[in-house]
Each structure stands twice: as C-alpha cells, then as structure tokens.
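Notes for the one structure printed next.
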Amino acid sequence: MRTQVVIVGAGPSGLLLGQLLFKAGVDAIILERQSPEYVLSRIRAGVLEQVTLDVLAQAGVDQRLKKEGLVHTGFDLLFKSERHRIDLESLTGGQKVMVYGQTEVTRDLMDARQAAGLTTIYETNDVAIHDFDSDHPSVSYEKDGQRHTITCDFIAGCDGFHGVCRASVPSKSIQEFEKVYPFGWLGVLSDTPPVHEELIYVNSTRGFALCSQRSTTRSRYYLQVPLTDKVEAWSDDAFWQELRLRLDPEAREHLVTGPSIEKSIAPLRSFVTEPMRFGTLFLAGDAAHIVPPTGAKGLNLAATDVKYLSDALIEACVEKSHAGIDHYSTRCLARIWRAERFSWWFTSLMHHFPDQGEMGQKLQEAELNYLIHSEAGSRTMAENYVGLPLHFGEK
Ligand code: RFL
Ligand code: PHB
C-alpha cells in the first residue's frame, strides 16, 4: 500500500489532520490502536478557543458545534469562599470561548471522515515506523493477525503521550522537559444541570475543584486528589460531599447531584519534546507535549500544531516547497511554551501543595486578590485563557 501521509493515532489531532489534508487533496491513511467506540469513550477536554474553532471551520466540521456549543464570555474564580468573575469578553476586546466536549469534536471528525470515504484502520497492533531519516519512510502494523506495510512521503505522529512515534526517535536526537505534579484530578460526569452557567475554578484549603459542563443538562466536575487515591475508593456520595466542602455557600445550595456516568483520575504533568520534526516524521498534539488541564490548553494546542502541520505538508505535497516543514518545529514550540507557562502558573496558583503549608495558601490568596483587583492582572489572565492569536510573536 502507498499513500502520501501516514497518520498514527485517530484522536482529535490525527482526525483533524486527516480532514485538513483531505480538503487540500493530499492522501492520508490513519492507523489507530483502539476501536472507534473506545476513542469516543474517553472523556477529556471541554473548552475550545477561537483559534481552534477557526481550524474546525476550515476542516468543515463546525456545523453541529455552532448549534450545540455553549458560548462563554467569562468564568468565576472562587477563593476564601467568595466568587469573582473574570469577564473574558470585556478584558480581551470581545473574545469568548466555546464549551463543547472533545468527544463531540472527535465524533464530528469521525463522521466527516466516514462520509468522505477516507481510510482509518482501527484496532491495529504493533505499529512500527521505519526509515524516517530518509525521504522514503514507511509504517508497518498488524491487523487480524497479518502484517502490512504502507510506504509514504511523511509520517505524522498523532499518537498521544504513550504513543510509538516519539518513542522511536533515537535518544540522542530528542530532548524532553518534564514536571510531574504531586496530585491528580478526579473527574465525574453526570446528567445533572451545571451548578452555574459559567465555569468555576476553585482554590480552597481542601484543594482545587472545578465546576465545568458539557451542556445545560450535563455537568463535569473535578477534585484535586492525592496521586495515591484509587478511583474505586471514591463513591459518588463521597465525591459530592467533598465538592460541596470546597464550594461557596451559594454554589453549595445550587449544586444538583446525581449518579456519575463516568469517573476517572488523571495525573497532572507538564511535558515538552524538542524538536517536533525528525526528518520525515512530525509529532503533533499530546505525542509532543502535555499541559496540566487547569488552563484547558491541551486540545487547543493540538489543534494549532495540526494547523501548522497541515499547512506545511500541503505546501510540501502540492507546491513541492519545504519552507513550511522546515519551520514547523520552531513555530509550534514558541506557542507551546507560552501555553505551558500559563498552564503551570494557573495550576500553581489554584492547587493545594502539601509541602508549602499555610504560607503557600496565603501567598496564593494574595496573588488571586491582586488578579481580581488589578485590570492588568485580570487582562493577563483573560488573554491567555482565550488563547493568544495564531501568529502571536511572529515577525
Ligand atoms: P490523544 O487524544 O491521546 O489521541 C492519541 C491517539 O493515538 C492512539 N495511539 C495509537 N494508535 C496506533 N498505534 C499506537 N502505537 C498508538 N498509541 C496511541 C490512541 O489510542 C489515541 O486514540 O492525543 P491527541 O489527538 O494529540 O489529542 C490531545 C487531547 O486529547 C488532549 O490534549 C486533551 O484531552 C487535554 N485536555 C484538555 N484540553 C483542552 O484543550 N481543554 C480542556 O478543557 C482539557 N481538559 C484534558 C482535559 C485532558 C484530560 N486528561 C484526562 C488528560 C481534562 C482532562 C481530565
Ligand atoms: C472540562 O470541562 O473537562 C475542563 C474545563 C476546563 C478546564 C479543564 C477541563 O480547565
């Protein structure tokens, strides 16, 4: 088999890249380890920046999100039992974010791919990438007990943090930067109306909490928990009880509880790989970087990597120019490090760090107090939260 681009991974990065390449007439095949149902069962991101919405529109998959997505013009910060609104719209000259689940983005991309009759090979085993230091790379995999090879011009590693692509790069050619946080997020999805029309980010002495949502009838809540906690040990009742203790009196009163339809613990990590291009192999999305979810940047960064990568591959395949692929890594990394900094800062500001004691808590509260009262502080927060423009800082 032969194609122009083999994409490893059918998460949001791989599917979005496939769609953008298809729109430009570039052939691609996607290989995915899991089944489509499994990919859709992973509950993750919920907040989309305008830059992401623009890329989804370019890919032609924004019809449903325009109808069903919830536009948010602000969010609340809760500390010392009081809530304070960050008005994104007035602080950023009219910008907003959209609440629309990653599952729905993935479903829209899967549907578009199927409607166009494009090839995604699910439930592949033992994907291996070959000769990406040359201009004739290939990818092999096993499916139903048989081994197959696809030759191609380029390989896109969109296979997430635990994927095979980054792991195949010789260690002398790659540098990795990592910070692991001493806690995780316990997330619950429930078919209950959200406690508030906007998101609430909570700094409490008992630890961080987040009140998010997927629709007007479906809520997503998170609690900071120690890494040693096991999800099985958290009953629904225990979750709601702990959430209540971290909320302000008004939210506590409005909270509607119900059975969880998904419950999981995610560790928090900051991670960056440099560079993101190795000959004819390109990494994109979680395969190249991870942010802690506090700033809601992971999926949005994946979308901008894919925007830069699709532009570069289209230029290489259609116009036979390598300018885009030569700049891919540098362009992405500038944006990634800015989002890493913001996500690390927001995580540090909102979570309880056991080793920092009451002094740490007081310093966080002083910074939050400054943020809500200083227009410069609020604006810095808001412009990072809505996402910096695609060409920010470029000459
Ligand atoms: P994914 O989604 O991990 O997809 C990678 C795909 O590759 C497949 N794969 C392989 N396929 C073939 N062969 C192999 N050897 C393979 N190895 C792996 C996997 O099965 C999978 O299908 O990466 P991608 O596409 O780069 O997408 C990244 C996003 O999923 C991620 O950044 C976000 O979910 C992060 N994130 C958030 N991002 C936001 O922008 N806003 C948010 O509000 C937000 N909230 C979150 C989040 C992530 C969370 N967790 C669980 C980490 C909240 C949470 C709790
Ligand atoms: C979510 O709804 O899953 C979500 C929202 C905002 C975040 C992180 C996660 O910052």
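Residue names in the structure tokens use chain letters A, B, ... in the order shown, residue numbers from 1 in each chain, and ligand numbers from 1 in the order shown.
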- Extract, using only C-alpha atoms, all DNA, RNA and protein residues at most 8 Å from stretch 328-344 of chain A, discarding same-chain residues fewer than 5 positions from it, and format them as a list in words. Ser270, Glu274, Pro275, Met276, Arg277, His289, Val291, Pro292, Pro293, Thr294, Gly295, Ala296, Lys297, Leu301, Thr304, Asp305, Tyr308, Leu309, Ala312 and Asn384 of chain A
- Task: Name the residues of stretch 41-264 of chain A that fall into helix (DSSP H, G or I) according to DSSP on the backbone, using the chain letters and numbers of this document, as number ranges by chain.
- Result: A: 41, 50-58, 63-68, 88-91, 102-115, 166-168, 171-173, 231-233, 236-246, 249-254
- Item | Protein and nucleic residues near ligand 2, 10 Å, only C-alpha atoms and all ligand atoms, as a VMD selection string | chain A and resid 43 to 48 75 99 to 102 185 187 to 189 199 to 201 210 to 214 219 to 222 292 to 298 343 346 to 347 385
- For ligand 1, list the contacting residues at 6 Å or closer, counting only C-alpha atoms and all ligand atoms, as number ranges by chain. A: 8-14, 31-34, 39, 44-47, 127, 158-160, 162-164, 266, 285-287, 293, 296-300, 302
- Message: Would you compute the distance between atom CA of A:Pro226 and atom CA of A:Pro182? Give it in Å to one decimal.
- Response: 7.0 Å
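The spacing separating atom CA of A:Val225 from atom CA of A:Trp345 amounts to 18.8 Å.
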- Message: Taking the DSSP secondary structure from the backbone, can you list the residues of stretch 78-191 of chain A that are strand (DSSP E or B), as a PyMOL selection string?
- Response: chain A and resi 78-79+82-87+97-99+120-121+125-130+138-143+146-151+154-157+175-190
For the residues in that selection, give me C-alpha atoms as an mmCIF file, in the first residue's frame.
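So the final result, stored in part-v3.cif, reads:
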```cif
data_model
loop_
_atom_site.group_PDB
_atom_site.id
_atom_site.type_symbol
_atom_site.label_atom_id
_atom_site.label_comp_id
_atom_site.auth_asym_id
_atom_site.auth_seq_id
_atom_site.Cartn_x
_atom_site.Cartn_y
_atom_site.Cartn_z
ATOM 1 C CA LEU A 78 -13.533 31.146 43.858
ATOM 2 C CA PHE A 79 -11.182 31.662 46.807
ATOM 3 C CA GLU A 82 -16.081 34.142 47.555
ATOM 4 C CA ARG A 83 -16.566 34.138 43.802
ATOM 5 C CA HIS A 84 -15.137 36.738 41.410
ATOM 6 C CA ARG A 85 -15.894 36.844 37.697
ATOM 7 C CA ILE A 86 -13.206 37.163 35.046
ATOM 8 C CA ASP A 87 -15.014 38.862 32.180
ATOM 9 C CA VAL A 97 -14.528 30.517 24.427
ATOM 10 C CA MET A 98 -16.840 27.663 23.461
ATOM 11 C CA VAL A 99 -17.811 24.788 25.744
ATOM 12 C CA THR A 120 -8.992 4.781 9.070
ATOM 13 C CA ILE A 121 -7.702 1.388 10.162
ATOM 14 C CA ASN A 125 -1.451 -3.853 16.678
ATOM 15 C CA ASP A 126 2.253 -3.246 16.920
ATOM 16 C CA VAL A 127 2.529 -0.154 14.695
ATOM 17 C CA ALA A 128 6.199 0.465 13.787
ATOM 18 C CA ILE A 129 7.684 3.411 11.887
ATOM 19 C CA HIS A 130 10.684 2.937 9.580
ATOM 20 C CA SER A 138 7.137 3.537 5.818
ATOM 21 C CA VAL A 139 4.832 2.326 8.563
ATOM 22 C CA SER A 140 4.028 -1.312 9.323
ATOM 23 C CA TYR A 141 1.282 -2.749 11.527
ATOM 24 C CA GLU A 142 -0.576 -5.904 12.345
ATOM 25 C CA LYS A 143 -4.289 -6.308 11.734
ATOM 26 C CA GLN A 146 -1.460 -10.228 9.375
ATOM 27 C CA ARG A 147 1.394 -7.754 8.983
ATOM 28 C CA HIS A 148 1.052 -4.897 6.456
ATOM 29 C CA THR A 149 3.359 -2.078 5.291
ATOM 30 C CA ILE A 150 2.400 1.348 3.946
ATOM 31 C CA THR A 151 5.041 3.376 2.117
ATOM 32 C CA PHE A 154 5.654 11.697 5.518
ATOM 33 C CA ILE A 155 4.631 10.233 8.889
ATOM 34 C CA ALA A 156 2.528 12.241 11.356
ATOM 35 C CA GLY A 157 2.897 11.041 14.961
ATOM 36 C CA GLN A 175 15.258 16.400 24.383
ATOM 37 C CA GLU A 176 12.407 16.048 26.861
ATOM 38 C CA PHE A 177 11.399 18.513 29.609
ATOM 39 C CA GLU A 178 9.074 17.274 32.321
ATOM 40 C CA LYS A 179 7.425 18.275 35.578
ATOM 41 C CA VAL A 180 5.110 15.868 37.370
ATOM 42 C CA TYR A 181 2.716 17.367 39.957
ATOM 43 C CA PRO A 182 2.137 15.662 43.314
ATOM 44 C CA PHE A 183 -1.645 15.271 42.765
ATOM 45 C CA GLY A 184 -4.259 14.276 40.182
ATOM 46 C CA TRP A 185 -7.761 15.277 39.117
ATOM 47 C CA LEU A 186 -10.697 13.070 39.983
ATOM 48 C CA GLY A 187 -13.353 13.798 37.333
ATOM 49 C CA VAL A 188 -17.067 12.996 37.401
ATOM 50 C CA LEU A 189 -19.524 13.341 34.526
ATOM 51 C CA SER A 190 -23.199 13.417 35.463
#
```
- Message: Report, in Å to a single decimal, how far apart atom CA of A:Glu358 and atom CA of A:Lys230 are.
- Response: 26.7 Å
- Message: Taking only C-alpha atoms into account, name the residue in A:Gln224, A:Gln114, A:Ser134, A:Thr3 that is nearest to A:Phe353.
- Response: A:Gln224
- Query: Which neighbours of A:Asp62 fall inside 8 Å, counting only C-alpha atoms, when residues of the same chain fewer than 5 positions from it are skipped, and could you give them as a count of residues only?
  - Reply: 3
- Query: Leaving out A:Glu375 and any residue of its chain fewer than 2 positions from it, which residues lie within 12 Å of it when counting only C-alpha atoms, given as a ChimeraX atom specification?
  - Reply: /A:86-88,90-92,369-373,377-383
